[in-house]
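J.: Below you'll find target_33.txt; it's compact mmCIF, C-alpha atoms and all ligand atoms.
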```
# COMPACT_ATOMS: atom_id res chain seq x y z
CA MET A 112 -28.41 49.98 -20.71
CA LYS A 113 -32.19 49.72 -21.01
CA PHE A 114 -33.89 46.96 -22.96
CA GLN A 115 -37.50 46.36 -23.92
CA CYS A 116 -39.18 43.01 -24.49
CA THR A 117 -42.72 41.76 -25.22
CA VAL A 118 -44.61 39.15 -23.22
CA ILE A 119 -45.19 36.01 -25.31
CA GLU A 120 -46.27 33.41 -22.74
CA ILE A 121 -47.38 33.12 -19.13
CA ILE A 122 -46.72 29.92 -17.18
CA ASN A 123 -48.06 29.19 -13.69
CA ARG A 124 -45.36 27.23 -11.84
CA THR A 125 -47.22 26.88 -8.54
CA GLN A 126 -50.22 28.63 -7.01
CA LEU A 127 -47.98 31.57 -6.02
CA VAL A 128 -45.17 31.41 -8.57
CA ARG A 129 -45.59 32.60 -12.11
CA SER A 130 -43.20 32.76 -15.09
CA ILE A 131 -43.38 35.34 -17.84
CA ARG A 132 -41.69 34.50 -21.12
CA THR A 133 -40.76 37.39 -23.37
CA THR A 134 -39.06 38.13 -26.62
CA LYS A 135 -35.28 38.47 -26.33
CA PRO A 136 -33.87 41.84 -27.40
CA GLU A 137 -31.38 41.29 -30.22
CA ASN A 138 -28.43 43.00 -28.56
CA PHE A 139 -29.05 41.56 -25.06
CA THR A 140 -26.70 38.84 -23.82
CA PHE A 141 -26.31 37.32 -20.35
CA LYS A 142 -24.72 34.42 -18.51
CA ALA A 143 -26.76 31.67 -16.88
CA GLY A 144 -27.51 32.73 -13.28
CA GLN A 145 -27.53 36.51 -13.82
CA PHE A 146 -30.39 38.86 -12.95
CA VAL A 147 -31.93 42.05 -14.35
CA LYS A 148 -33.61 45.12 -12.88
CA ILE A 149 -37.22 45.37 -14.03
CA LEU A 150 -38.41 48.96 -14.39
CA SER A 151 -42.13 49.67 -14.05
CA ASN A 152 -44.60 52.27 -12.80
CA SER A 153 -45.16 49.98 -9.80
CA GLY A 154 -41.49 50.13 -8.82
CA THR A 155 -38.20 48.47 -9.74
CA LYS A 156 -37.27 44.92 -8.72
CA TYR A 157 -34.40 42.58 -9.36
CA LEU A 158 -35.40 39.29 -10.98
CA SER A 159 -33.13 36.45 -12.03
CA ILE A 160 -33.52 35.17 -15.56
CA SER A 161 -34.98 31.67 -15.26
CA CYS A 162 -33.89 30.21 -18.59
CA ALA A 163 -30.68 29.44 -20.46
CA PRO A 164 -28.88 32.16 -22.44
CA SER A 165 -29.08 29.90 -25.50
CA ARG A 166 -32.91 30.00 -25.50
CA ASN A 167 -34.44 32.35 -28.04
CA PHE A 168 -36.67 33.90 -25.36
CA LEU A 169 -36.22 35.38 -21.88
CA GLU A 170 -38.07 34.18 -18.82
CA PHE A 171 -38.67 35.81 -15.43
CA THR A 172 -40.22 33.89 -12.55
CA LYS A 173 -41.72 35.73 -9.59
CA ARG A 174 -43.25 34.70 -6.31
CA ILE A 175 -46.46 36.71 -6.18
CA THR A 176 -47.06 38.83 -3.07
CA GLU A 177 -49.54 41.58 -2.20
CA SER A 178 -47.22 44.30 -3.53
CA ASP A 179 -48.22 46.58 -6.43
CA PHE A 180 -45.28 45.25 -8.40
CA SER A 181 -46.39 41.65 -7.86
CA GLN A 182 -49.96 42.44 -8.84
CA ARG A 183 -48.73 44.17 -12.00
CA PHE A 184 -46.53 41.13 -12.77
CA ASN A 185 -49.50 38.85 -12.13
CA ASP A 186 -51.68 40.87 -14.51
CA LEU A 187 -49.21 40.83 -17.41
CA LYS A 188 -50.63 39.43 -20.63
CA GLN A 189 -49.38 38.65 -24.11
CA GLN A 190 -48.05 41.68 -26.04
CA ASP A 191 -47.45 43.72 -22.86
CA LEU A 192 -44.06 45.44 -22.76
CA ILE A 193 -41.41 44.97 -20.06
CA VAL A 194 -38.47 47.35 -19.67
CA PHE A 195 -35.33 46.24 -17.85
CA GLU A 196 -31.67 46.99 -17.24
CA GLY A 197 -28.87 44.49 -16.94
CA PRO A 198 -27.59 41.88 -16.82
CA PHE A 199 -26.02 41.95 -13.34
CA GLY A 200 -24.30 39.52 -10.98
CA ASN A 201 -21.44 37.07 -10.61
CA PHE A 202 -23.54 34.05 -9.66
CA VAL A 203 -22.57 32.34 -12.91
CA LEU A 204 -21.22 28.92 -13.80
CA ASP A 205 -17.49 28.33 -13.67
CA ASP A 206 -15.86 25.42 -15.40
CA ASP A 207 -16.25 22.80 -12.66
CA ARG A 208 -16.92 19.12 -13.30
CA LYS A 209 -18.55 18.25 -10.00
CA ILE A 210 -21.20 20.64 -8.70
CA ALA A 211 -23.78 20.65 -5.92
CA PHE A 212 -26.55 23.23 -6.31
CA VAL A 213 -28.49 24.29 -3.21
CA ALA A 214 -31.75 26.22 -3.74
CA GLY A 215 -34.26 27.53 -1.22
CA GLY A 216 -37.73 28.44 -2.54
CA ILE A 217 -37.69 31.04 -5.31
CA GLY A 218 -33.87 30.86 -5.15
CA ILE A 219 -34.23 28.11 -7.75
CA THR A 220 -34.50 30.70 -10.56
CA PRO A 221 -30.79 31.39 -11.25
CA ILE A 222 -29.93 27.72 -10.68
CA TYR A 223 -32.67 26.67 -13.09
CA SER A 224 -31.06 28.96 -15.69
CA MET A 225 -27.72 27.19 -15.13
CA LEU A 226 -29.24 23.70 -15.35
CA ASP A 227 -31.17 24.68 -18.50
CA GLU A 228 -27.90 25.87 -20.04
CA LEU A 229 -26.06 22.69 -19.08
CA LEU A 230 -28.91 20.66 -20.55
CA LEU A 231 -28.93 22.59 -23.83
CA LYS A 232 -25.16 22.47 -24.20
CA GLY A 233 -25.56 18.71 -24.35
CA ASN A 234 -21.99 17.96 -23.30
CA MET A 235 -22.90 16.43 -19.99
CA GLU A 236 -20.41 13.57 -20.17
CA ASN A 237 -17.58 16.08 -20.45
CA ARG A 238 -18.97 18.38 -17.78
CA GLY A 239 -19.16 15.83 -14.95
CA ASP A 240 -22.09 15.33 -12.65
CA PHE A 241 -24.58 17.57 -10.88
CA VAL A 242 -26.68 17.30 -7.77
CA LEU A 243 -29.48 19.67 -6.77
CA PHE A 244 -30.76 20.07 -3.21
CA TYR A 245 -34.02 22.05 -3.38
CA GLY A 246 -35.83 23.10 -0.21
CA ASN A 247 -39.49 24.16 -0.03
CA ARG A 248 -42.26 24.32 2.54
CA THR A 249 -44.56 21.74 0.93
CA SER A 250 -44.65 19.73 -2.28
CA ASP A 251 -47.16 22.25 -3.70
CA ASP A 252 -44.51 24.99 -3.41
CA ILE A 253 -41.95 23.30 -5.67
CA ALA A 254 -41.54 25.51 -8.74
CA PHE A 255 -40.34 23.74 -11.92
CA TYR A 256 -41.01 20.29 -10.38
CA ASN A 257 -41.91 18.53 -13.65
CA GLU A 258 -39.23 20.36 -15.61
CA LEU A 259 -36.55 19.38 -13.09
CA GLU A 260 -37.70 15.75 -13.02
CA ASN A 261 -37.47 15.68 -16.83
CA MET A 262 -34.02 17.27 -16.73
CA SER A 263 -32.82 14.58 -14.33
CA LEU A 264 -33.80 11.96 -16.93
CA SER A 265 -31.95 13.77 -19.74
CA MET A 266 -28.72 14.75 -18.04
CA ASN A 267 -26.39 13.64 -15.28
CA LEU A 268 -28.46 15.31 -12.55
CA LYS A 269 -29.65 13.86 -9.26
CA ILE A 270 -32.24 15.85 -7.27
CA PHE A 271 -33.13 15.75 -3.57
CA PHE A 272 -36.24 17.68 -2.60
CA PHE A 273 -36.33 18.84 1.03
CA LEU A 274 -39.74 19.74 2.45
CA ASP A 275 -40.44 21.50 5.77
CA ASN A 276 -43.73 19.64 5.82
CA LEU A 277 -43.17 16.24 4.31
CA ASP A 278 -46.74 15.07 3.84
CA THR A 279 -47.75 11.78 2.26
CA LEU A 280 -44.97 11.61 -0.31
CA ASN A 281 -43.17 8.32 -0.31
CA ASP A 282 -40.32 8.90 -2.70
CA ASP A 283 -36.62 8.35 -2.12
CA ASN A 284 -35.84 11.79 -3.64
CA PHE A 285 -37.78 13.54 -0.86
CA ARG A 286 -36.32 14.32 2.55
CA PRO A 287 -37.94 15.98 5.57
CA GLY A 288 -36.92 19.26 7.22
CA PHE A 289 -34.70 22.23 6.42
CA LEU A 290 -31.61 21.94 4.27
CA SER A 291 -28.41 21.51 6.26
CA TYR A 292 -24.85 20.42 5.61
CA ASP A 293 -25.31 17.18 7.58
CA LYS A 294 -28.42 16.17 5.65
CA MET A 295 -26.83 16.97 2.30
CA LYS A 296 -23.63 15.11 3.22
CA ALA A 297 -25.75 12.06 4.14
CA CYS A 298 -27.28 12.12 0.62
CA LEU A 299 -24.01 12.93 -1.14
CA PRO A 300 -20.83 11.64 0.53
CA ASP A 301 -18.51 13.38 -2.00
CA ILE A 302 -20.06 16.81 -1.38
CA THR A 303 -16.77 18.08 0.09
CA GLU A 304 -15.11 17.62 -3.33
CA ARG A 305 -17.69 19.71 -5.15
CA LYS A 306 -18.13 23.34 -6.15
CA ILE A 307 -21.19 24.59 -4.25
CA TYR A 308 -23.75 27.07 -5.64
CA ILE A 309 -26.26 28.33 -3.04
CA SER A 310 -29.27 30.56 -3.86
CA GLY A 311 -32.21 31.46 -1.64
CA PRO A 312 -33.39 33.68 1.21
CA PRO A 313 -30.44 35.58 2.78
CA LYS A 314 -30.68 33.80 6.15
CA MET A 315 -30.71 30.37 4.54
CA VAL A 316 -27.75 31.26 2.30
CA GLU A 317 -25.74 32.59 5.26
CA THR A 318 -26.52 29.60 7.52
CA ILE A 319 -25.66 26.97 4.93
CA THR A 320 -22.54 28.81 3.78
CA GLU A 321 -21.30 28.90 7.39
CA GLN A 322 -22.00 25.18 7.77
CA PHE A 323 -20.03 24.36 4.62
CA LYS A 324 -17.13 26.58 5.72
CA ALA A 325 -17.10 24.93 9.15
CA HIS A 326 -16.45 21.67 7.31
CA GLY A 327 -13.56 23.15 5.34
CA ILE A 328 -15.48 23.75 2.08
CA GLN A 329 -14.45 27.10 0.58
CA ASN A 330 -15.35 26.62 -3.08
CA ILE A 331 -18.75 28.30 -2.78
CA LYS A 332 -20.75 30.83 -4.83
CA THR A 333 -23.88 32.43 -3.41
CA GLU A 334 -26.88 34.51 -4.45
CA LYS A 335 -29.10 36.10 -1.80
CA ILE A 336 -32.66 36.56 -3.03
CA GLN A 337 -33.41 39.62 -0.89
CA GLY A 338 -36.79 41.26 -0.57
CA TYR A 339 -39.22 38.80 1.02
CA SER A 340 -40.40 39.24 4.60
CA GLY A 341 -39.07 36.63 6.95
CA ALA A 342 -36.04 36.27 4.70
C1 LIG A 401 -30.20 39.24 -7.00
C2 LIG A 401 -31.69 39.08 -6.78
C3 LIG A 401 -32.41 38.21 -7.59
C4 LIG A 401 -33.78 38.03 -7.38
N1 LIG A 401 -34.46 37.15 -8.17
C5 LIG A 401 -35.79 36.93 -7.92
C6 LIG A 401 -36.53 36.00 -8.73
O1 LIG A 401 -36.01 35.40 -9.68
N2 LIG A 401 -37.83 35.82 -8.42
C7 LIG A 401 -38.46 36.48 -7.38
O2 LIG A 401 -39.66 36.24 -7.15
N3 LIG A 401 -37.78 37.37 -6.64
C8 LIG A 401 -36.48 37.63 -6.89
N4 LIG A 401 -35.80 38.55 -6.13
C9 LIG A 401 -36.56 39.31 -5.11
C10 LIG A 401 -37.31 40.46 -5.78
O3 LIG A 401 -36.40 41.43 -6.23
C11 LIG A 401 -38.30 41.14 -4.83
O4 LIG A 401 -37.62 41.73 -3.76
C12 LIG A 401 -39.30 40.18 -4.29
O5 LIG A 401 -39.91 39.53 -5.38
C13 LIG A 401 -40.37 40.88 -3.41
O6 LIG A 401 -40.98 41.89 -4.16
P1 LIG A 401 -42.53 42.21 -4.02
O7 LIG A 401 -42.81 43.42 -4.86
O8 LIG A 401 -43.34 40.99 -4.34
O9 LIG A 401 -42.75 42.47 -2.49
P2 LIG A 401 -42.31 43.76 -1.59
O10 LIG A 401 -43.49 44.59 -1.34
O11 LIG A 401 -41.13 44.47 -2.15
O12 LIG A 401 -41.81 43.01 -0.28
C14 LIG A 401 -42.41 41.80 0.23
C15 LIG A 401 -42.13 41.69 1.68
O13 LIG A 401 -40.73 41.69 1.94
C16 LIG A 401 -40.39 42.74 2.84
N5 LIG A 401 -39.10 43.26 2.40
C17 LIG A 401 -38.87 44.10 1.37
N6 LIG A 401 -37.56 44.34 1.26
C18 LIG A 401 -36.94 43.63 2.25
C19 LIG A 401 -35.59 43.45 2.65
N7 LIG A 401 -34.59 44.04 1.98
N8 LIG A 401 -35.31 42.64 3.69
C20 LIG A 401 -36.30 42.03 4.35
N9 LIG A 401 -37.62 42.16 4.03
C21 LIG A 401 -37.92 42.96 2.99
C22 LIG A 401 -41.48 43.73 2.74
O14 LIG A 401 -41.60 44.44 3.95
C23 LIG A 401 -42.70 42.84 2.49
O15 LIG A 401 -43.22 42.32 3.67
C24 LIG A 401 -34.44 38.76 -6.34
C25 LIG A 401 -33.71 39.65 -5.55
C26 LIG A 401 -32.36 39.81 -5.76
C27 LIG A 401 -31.59 40.77 -4.88
```
Please render this file's structure as structure tokens.

T.:
Amino acid sequence: MKFQCTVIEIINRTQLVRSIRTTKPENFTFKAGQFVKILSNSGTKYLSISCAPSRNFLEFTKRITESDFSQRFNDLKQQDLIVFEGPFGNFVLDDDRKIAFVAGGIGITPIYSMLDELLLKGNMENRGDFVLFYGNRTSDDIAFYNELENMSLSMNLKIFFFLDNLDTLNDDNFRPGFLSYDKMKACLPDITERKIYISGPPKMVETITEQFKAHGIQNIKTEKIQGYSGA
């Protein structure tokens, strides 16, 4: 089914990542973590919804590339129309009390939707505790950094940021290098008891999933954010 929404706000998350907030069509419902197919003259692309279903708006967050679609996304302004189909996908929250989220780069978008929903539901004490491992190249590439830090103050959420290039940051929440099972286990000894949600570039998702499985962890949900070169 096709839906139409109107741009209401544009938010720059990093130099190369931009969020578009839109009106929410009245008859459109989705689950946190799902994605839609954006239809435009510059092509069709899948984008995860980067906000909670209980928000009264929709939000899409895109890493801007040289493509026509990206340029069109980058040029969107208030009152512009967006047409999409959906929602799609099974990367949605189940009823687990202990969760570890693992995000690589723009793979944060569906996980951010889940965290936003958990935050808004406000029943954190009943829902258990949450840990986010979020990998990026540099600190400048971390989308939603301030929002995530604020979330961690308002809910039972601990965040570890992993940076390929750990520059001058001297913060216990930052760790150097690529995400791996061993590094996450060192931060979170009870990781083997948790439900794992992994979202990011296909190669990263496959590698980390294999590492978890090699350590006997089967309770895993994944989303591969396909479409970027080098992914
Ligand atoms: C389920 C799902 C959810 C997604 N959610 C988001 C999101 O929330 N935010 C976001 O920014 N993106 C998301 N994506 C990716 C998005 O759909 C686009 O593919 C991506 O943004 C690149 O589009 P583009 O127009 O910028 O670049 P394009 O011109 O389409 O491609 C950029 C580069 O990637 C290469 N490329 C294209 N397709 C592939 C491929 N299949 N395998 C390897 N290389 C390829 C191209 O050659 C080019 O070099 C999601 C994808 C999926 C499948």

J.: Measure the distance from CA of Glu120 in chain A to CA of Arg183 in chain A in Å and round it to one decimal.

T.: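 Taking CA of Glu120 in chain A and CA of Arg183 in chain A, their separation equals 15.4 Å.
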
J.: For ligand LIG 401 (chain A), which residue among A:Gly197, A:Pro221, A:Gly215, A:Gly327 is the nearest when counting all atoms listed in the file?

T.: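 Selected residue with least distance to ligand LIG 401 (chain A): A:Pro221.
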
J.: So that I can check the surroundings of range 184-196 of chain A, please list as a list of chain:residue names every protein, DNA and RNA residue that reaches within 6 Å of it, counting all atoms listed in the file and ignoring chain neighbours fewer than 3 positions away.

T.: A:Met112, A:Lys113, A:Phe114, A:Gln115, A:Cys116, A:Thr117, A:Val118, A:Ile119, A:Val147, A:Lys148, A:Ile149, A:Leu150, A:Ser181

J.: So that I can see what lies close to Asn247 in chain A, please list as an NGL selection string the residues with an atom at most 12 Å from it, counting only C-alpha atoms and leaving out residues fewer than 2 positions away in the same chain.

T.: :A and (125 or 213-219 or 244-245 or 249-256 or 271-277 or 285-290 or 311-312 or 315)

J.: Write a file of the selected residues as a PDB file, keeping the file's coordinate frame, keeping C-alpha atoms.

T.:
```pdb
ATOM      1  CA  THR A 125     -47.220  26.880  -8.540  1.00  0.00           C
ATOM      2  CA  VAL A 213     -28.490  24.290  -3.210  1.00  0.00           C
ATOM      3  CA  ALA A 214     -31.750  26.220  -3.740  1.00  0.00           C
ATOM      4  CA  GLY A 215     -34.260  27.530  -1.220  1.00  0.00           C
ATOM      5  CA  GLY A 216     -37.730  28.440  -2.540  1.00  0.00           C
ATOM      6  CA  ILE A 217     -37.690  31.040  -5.310  1.00  0.00           C
ATOM      7  CA  GLY A 218     -33.870  30.860  -5.150  1.00  0.00           C
ATOM      8  CA  ILE A 219     -34.230  28.110  -7.750  1.00  0.00           C
ATOM      9  CA  PHE A 244     -30.760  20.070  -3.210  1.00  0.00           C
ATOM     10  CA  TYR A 245     -34.020  22.050  -3.380  1.00  0.00           C
ATOM     11  CA  THR A 249     -44.560  21.740   0.930  1.00  0.00           C
ATOM     12  CA  SER A 250     -44.650  19.730  -2.280  1.00  0.00           C
ATOM     13  CA  ASP A 251     -47.160  22.250  -3.700  1.00  0.00           C
ATOM     14  CA  ASP A 252     -44.510  24.990  -3.410  1.00  0.00           C
ATOM     15  CA  ILE A 253     -41.950  23.300  -5.670  1.00  0.00           C
ATOM     16  CA  ALA A 254     -41.540  25.510  -8.740  1.00  0.00           C
ATOM     17  CA  PHE A 255     -40.340  23.740 -11.920  1.00  0.00           C
ATOM     18  CA  TYR A 256     -41.010  20.290 -10.380  1.00  0.00           C
ATOM     19  CA  PHE A 271     -33.130  15.750  -3.570  1.00  0.00           C
ATOM     20  CA  PHE A 272     -36.240  17.680  -2.600  1.00  0.00           C
ATOM     21  CA  PHE A 273     -36.330  18.840   1.030  1.00  0.00           C
ATOM     22  CA  LEU A 274     -39.740  19.740   2.450  1.00  0.00           C
ATOM     23  CA  ASP A 275     -40.440  21.500   5.770  1.00  0.00           C
ATOM     24  CA  ASN A 276     -43.730  19.640   5.820  1.00  0.00           C
ATOM     25  CA  LEU A 277     -43.170  16.240   4.310  1.00  0.00           C
ATOM     26  CA  PHE A 285     -37.780  13.540  -0.860  1.00  0.00           C
ATOM     27  CA  ARG A 286     -36.320  14.320   2.550  1.00  0.00           C
ATOM     28  CA  PRO A 287     -37.940  15.980   5.570  1.00  0.00           C
ATOM     29  CA  GLY A 288     -36.920  19.260   7.220  1.00  0.00           C
ATOM     30  CA  PHE A 289     -34.700  22.230   6.420  1.00  0.00           C
ATOM     31  CA  LEU A 290     -31.610  21.940   4.270  1.00  0.00           C
ATOM     32  CA  GLY A 311     -32.210  31.460  -1.640  1.00  0.00           C
ATOM     33  CA  PRO A 312     -33.390  33.680   1.210  1.00  0.00           C
ATOM     34  CA  MET A 315     -30.710  30.370   4.540  1.00  0.00           C
TER      35      MET A 315
END
```

J.: Quick check, in Å to one decimal: how far apart do CA of Asp240 in chain A and atom C3 of ligand LIG 401 (chain A) lie?

T.: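 Going from CA of Asp240 in chain A over to atom C3 of ligand LIG 401 (chain A), I get 25.6 Å.
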
J.: At a cut-off of 10 Å, can you tabulate as JSON lines every residue of chain A near ligand LIG 401 (chain A) together with its closest atom pair and the distance in Å to one decimal, using all atoms listed in the file and ordering rows by chain then number?

T.:
```
{"residue": "A:Leu127", "atom": "CA", "partner": "A:LIG401", "partner_atom": "O2", "distance": 9.6}
{"residue": "A:Val128", "atom": "CA", "partner": "A:LIG401", "partner_atom": "O2", "distance": 7.5}
{"residue": "A:Arg129", "atom": "CA", "partner": "A:LIG401", "partner_atom": "O2", "distance": 8.5}
{"residue": "A:Ser130", "atom": "CA", "partner": "A:LIG401", "partner_atom": "N2", "distance": 9.1}
{"residue": "A:Gly144", "atom": "CA", "partner": "A:LIG401", "partner_atom": "C3", "distance": 9.3}
{"residue": "A:Gln145", "atom": "CA", "partner": "A:LIG401", "partner_atom": "C1", "distance": 7.8}
{"residue": "A:Phe146", "atom": "CA", "partner": "A:LIG401", "partner_atom": "C3", "distance": 5.8}
{"residue": "A:Val147", "atom": "CA", "partner": "A:LIG401", "partner_atom": "C3", "distance": 7.8}
{"residue": "A:Lys148", "atom": "CA", "partner": "A:LIG401", "partner_atom": "O3", "distance": 8.1}
{"residue": "A:Ile149", "atom": "CA", "partner": "A:LIG401", "partner_atom": "O3", "distance": 8.8}
{"residue": "A:Ser153", "atom": "CA", "partner": "A:LIG401", "partner_atom": "O7", "distance": 8.5}
{"residue": "A:Gly154", "atom": "CA", "partner": "A:LIG401", "partner_atom": "O7", "distance": 7.9}
{"residue": "A:Thr155", "atom": "CA", "partner": "A:LIG401", "partner_atom": "O3", "distance": 8.1}
{"residue": "A:Lys156", "atom": "CA", "partner": "A:LIG401", "partner_atom": "O3", "distance": 4.4}
{"residue": "A:Tyr157", "atom": "CA", "partner": "A:LIG401", "partner_atom": "O3", "distance": 3.9}
{"residue": "A:Leu158", "atom": "CA", "partner": "A:LIG401", "partner_atom": "N1", "distance": 3.7}
{"residue": "A:Ser159", "atom": "CA", "partner": "A:LIG401", "partner_atom": "O1", "distance": 3.9}
{"residue": "A:Ile160", "atom": "CA", "partner": "A:LIG401", "partner_atom": "O1", "distance": 6.4}
{"residue": "A:Ser161", "atom": "CA", "partner": "A:LIG401", "partner_atom": "O1", "distance": 6.8}
{"residue": "A:Glu170", "atom": "CA", "partner": "A:LIG401", "partner_atom": "O1", "distance": 9.4}
{"residue": "A:Phe171", "atom": "CA", "partner": "A:LIG401", "partner_atom": "O1", "distance": 6.3}
{"residue": "A:Thr172", "atom": "CA", "partner": "A:LIG401", "partner_atom": "N2", "distance": 5.1}
{"residue": "A:Lys173", "atom": "CA", "partner": "A:LIG401", "partner_atom": "O2", "distance": 3.2}
{"residue": "A:Arg174", "atom": "CA", "partner": "A:LIG401", "partner_atom": "O2", "distance": 4.0}
{"residue": "A:Ile175", "atom": "CA", "partner": "A:LIG401", "partner_atom": "O8", "distance": 5.6}
{"residue": "A:Thr176", "atom": "CA", "partner": "A:LIG401", "partner_atom": "O8", "distance": 4.5}
{"residue": "A:Glu177", "atom": "CA", "partner": "A:LIG401", "partner_atom": "O8", "distance": 6.6}
{"residue": "A:Ser178", "atom": "CA", "partner": "A:LIG401", "partner_atom": "O10", "distance": 4.3}
{"residue": "A:Asp179", "atom": "CA", "partner": "A:LIG401", "partner_atom": "O7", "distance": 6.5}
{"residue": "A:Phe180", "atom": "CA", "partner": "A:LIG401", "partner_atom": "O7", "distance": 4.7}
{"residue": "A:Ser181", "atom": "CA", "partner": "A:LIG401", "partner_atom": "O8", "distance": 4.7}
{"residue": "A:Gln182", "atom": "CA", "partner": "A:LIG401", "partner_atom": "O8", "distance": 8.1}
{"residue": "A:Arg183", "atom": "CA", "partner": "A:LIG401", "partner_atom": "O7", "distance": 9.3}
{"residue": "A:Phe184", "atom": "CA", "partner": "A:LIG401", "partner_atom": "O8", "distance": 9.0}
{"residue": "A:Phe199", "atom": "CA", "partner": "A:LIG401", "partner_atom": "C1", "distance": 8.1}
{"residue": "A:Gly200", "atom": "CA", "partner": "A:LIG401", "partner_atom": "C1", "distance": 7.1}
{"residue": "A:Asn201", "atom": "CA", "partner": "A:LIG401", "partner_atom": "C1", "distance": 9.7}
{"residue": "A:Phe202", "atom": "CA", "partner": "A:LIG401", "partner_atom": "C1", "distance": 8.9}
{"residue": "A:Gly216", "atom": "CA", "partner": "A:LIG401", "partner_atom": "O2", "distance": 9.3}
{"residue": "A:Ile217", "atom": "CA", "partner": "A:LIG401", "partner_atom": "N2", "distance": 5.7}
{"residue": "A:Gly218", "atom": "CA", "partner": "A:LIG401", "partner_atom": "O1", "distance": 6.8}
{"residue": "A:Ile219", "atom": "CA", "partner": "A:LIG401", "partner_atom": "O1", "distance": 7.7}
{"residue": "A:Thr220", "atom": "CA", "partner": "A:LIG401", "partner_atom": "O1", "distance": 5.0}
{"residue": "A:Pro221", "atom": "CA", "partner": "A:LIG401", "partner_atom": "O1", "distance": 6.8}
{"residue": "A:Ile222", "atom": "CA", "partner": "A:LIG401", "partner_atom": "O1", "distance": 9.8}
{"residue": "A:Tyr223", "atom": "CA", "partner": "A:LIG401", "partner_atom": "O1", "distance": 9.9}
{"residue": "A:Ser310", "atom": "CA", "partner": "A:LIG401", "partner_atom": "C3", "distance": 9.1}
{"residue": "A:Gly311", "atom": "CA", "partner": "A:LIG401", "partner_atom": "C4", "distance": 8.9}
{"residue": "A:Pro312", "atom": "CA", "partner": "A:LIG401", "partner_atom": "C25", "distance": 9.0}
{"residue": "A:Pro313", "atom": "CA", "partner": "A:LIG401", "partner_atom": "N8", "distance": 8.6}
{"residue": "A:Thr333", "atom": "CA", "partner": "A:LIG401", "partner_atom": "C1", "distance": 10.0}
{"residue": "A:Glu334", "atom": "CA", "partner": "A:LIG401", "partner_atom": "C1", "distance": 6.3}
{"residue": "A:Lys335", "atom": "CA", "partner": "A:LIG401", "partner_atom": "C27", "distance": 6.1}
{"residue": "A:Ile336", "atom": "CA", "partner": "A:LIG401", "partner_atom": "C25", "distance": 4.1}
{"residue": "A:Gln337", "atom": "CA", "partner": "A:LIG401", "partner_atom": "C27", "distance": 4.5}
{"residue": "A:Gly338", "atom": "CA", "partner": "A:LIG401", "partner_atom": "O4", "distance": 3.3}
{"residue": "A:Tyr339", "atom": "CA", "partner": "A:LIG401", "partner_atom": "O13", "distance": 3.4}
{"residue": "A:Ser340", "atom": "CA", "partner": "A:LIG401", "partner_atom": "O13", "distance": 3.6}
{"residue": "A:Gly341", "atom": "CA", "partner": "A:LIG401", "partner_atom": "N9", "distance": 6.4}
{"residue": "A:Ala342", "atom": "CA", "partner": "A:LIG401", "partner_atom": "C20", "distance": 5.8}
```

J.: Please, could you write that set of residues out with C-alpha atoms as a CSV table (one decimal), in the coordinates of the input?

T.:
```csv
chain,number,residue,atom,x,y,z
A,127,LEU,CA,-48.0,31.6,-6.0
A,128,VAL,CA,-45.2,31.4,-8.6
A,129,ARG,CA,-45.6,32.6,-12.1
A,130,SER,CA,-43.2,32.8,-15.1
A,144,GLY,CA,-27.5,32.7,-13.3
A,145,GLN,CA,-27.5,36.5,-13.8
A,146,PHE,CA,-30.4,38.9,-13.0
A,147,VAL,CA,-31.9,42.0,-14.4
A,148,LYS,CA,-33.6,45.1,-12.9
A,149,ILE,CA,-37.2,45.4,-14.0
A,153,SER,CA,-45.2,50.0,-9.8
A,154,GLY,CA,-41.5,50.1,-8.8
A,155,THR,CA,-38.2,48.5,-9.7
A,156,LYS,CA,-37.3,44.9,-8.7
A,157,TYR,CA,-34.4,42.6,-9.4
A,158,LEU,CA,-35.4,39.3,-11.0
A,159,SER,CA,-33.1,36.4,-12.0
A,160,ILE,CA,-33.5,35.2,-15.6
A,161,SER,CA,-35.0,31.7,-15.3
A,170,GLU,CA,-38.1,34.2,-18.8
A,171,PHE,CA,-38.7,35.8,-15.4
A,172,THR,CA,-40.2,33.9,-12.6
A,173,LYS,CA,-41.7,35.7,-9.6
A,174,ARG,CA,-43.2,34.7,-6.3
A,175,ILE,CA,-46.5,36.7,-6.2
A,176,THR,CA,-47.1,38.8,-3.1
A,177,GLU,CA,-49.5,41.6,-2.2
A,178,SER,CA,-47.2,44.3,-3.5
A,179,ASP,CA,-48.2,46.6,-6.4
A,180,PHE,CA,-45.3,45.2,-8.4
A,181,SER,CA,-46.4,41.6,-7.9
A,182,GLN,CA,-50.0,42.4,-8.8
A,183,ARG,CA,-48.7,44.2,-12.0
A,184,PHE,CA,-46.5,41.1,-12.8
A,199,PHE,CA,-26.0,42.0,-13.3
A,200,GLY,CA,-24.3,39.5,-11.0
A,201,ASN,CA,-21.4,37.1,-10.6
A,202,PHE,CA,-23.5,34.0,-9.7
A,216,GLY,CA,-37.7,28.4,-2.5
A,217,ILE,CA,-37.7,31.0,-5.3
A,218,GLY,CA,-33.9,30.9,-5.2
A,219,ILE,CA,-34.2,28.1,-7.8
A,220,THR,CA,-34.5,30.7,-10.6
A,221,PRO,CA,-30.8,31.4,-11.2
A,222,ILE,CA,-29.9,27.7,-10.7
A,223,TYR,CA,-32.7,26.7,-13.1
A,310,SER,CA,-29.3,30.6,-3.9
A,311,GLY,CA,-32.2,31.5,-1.6
A,312,PRO,CA,-33.4,33.7,1.2
A,313,PRO,CA,-30.4,35.6,2.8
A,333,THR,CA,-23.9,32.4,-3.4
A,334,GLU,CA,-26.9,34.5,-4.4
A,335,LYS,CA,-29.1,36.1,-1.8
A,336,ILE,CA,-32.7,36.6,-3.0
A,337,GLN,CA,-33.4,39.6,-0.9
A,338,GLY,CA,-36.8,41.3,-0.6
A,339,TYR,CA,-39.2,38.8,1.0
A,340,SER,CA,-40.4,39.2,4.6
A,341,GLY,CA,-39.1,36.6,7.0
A,342,ALA,CA,-36.0,36.3,4.7
```
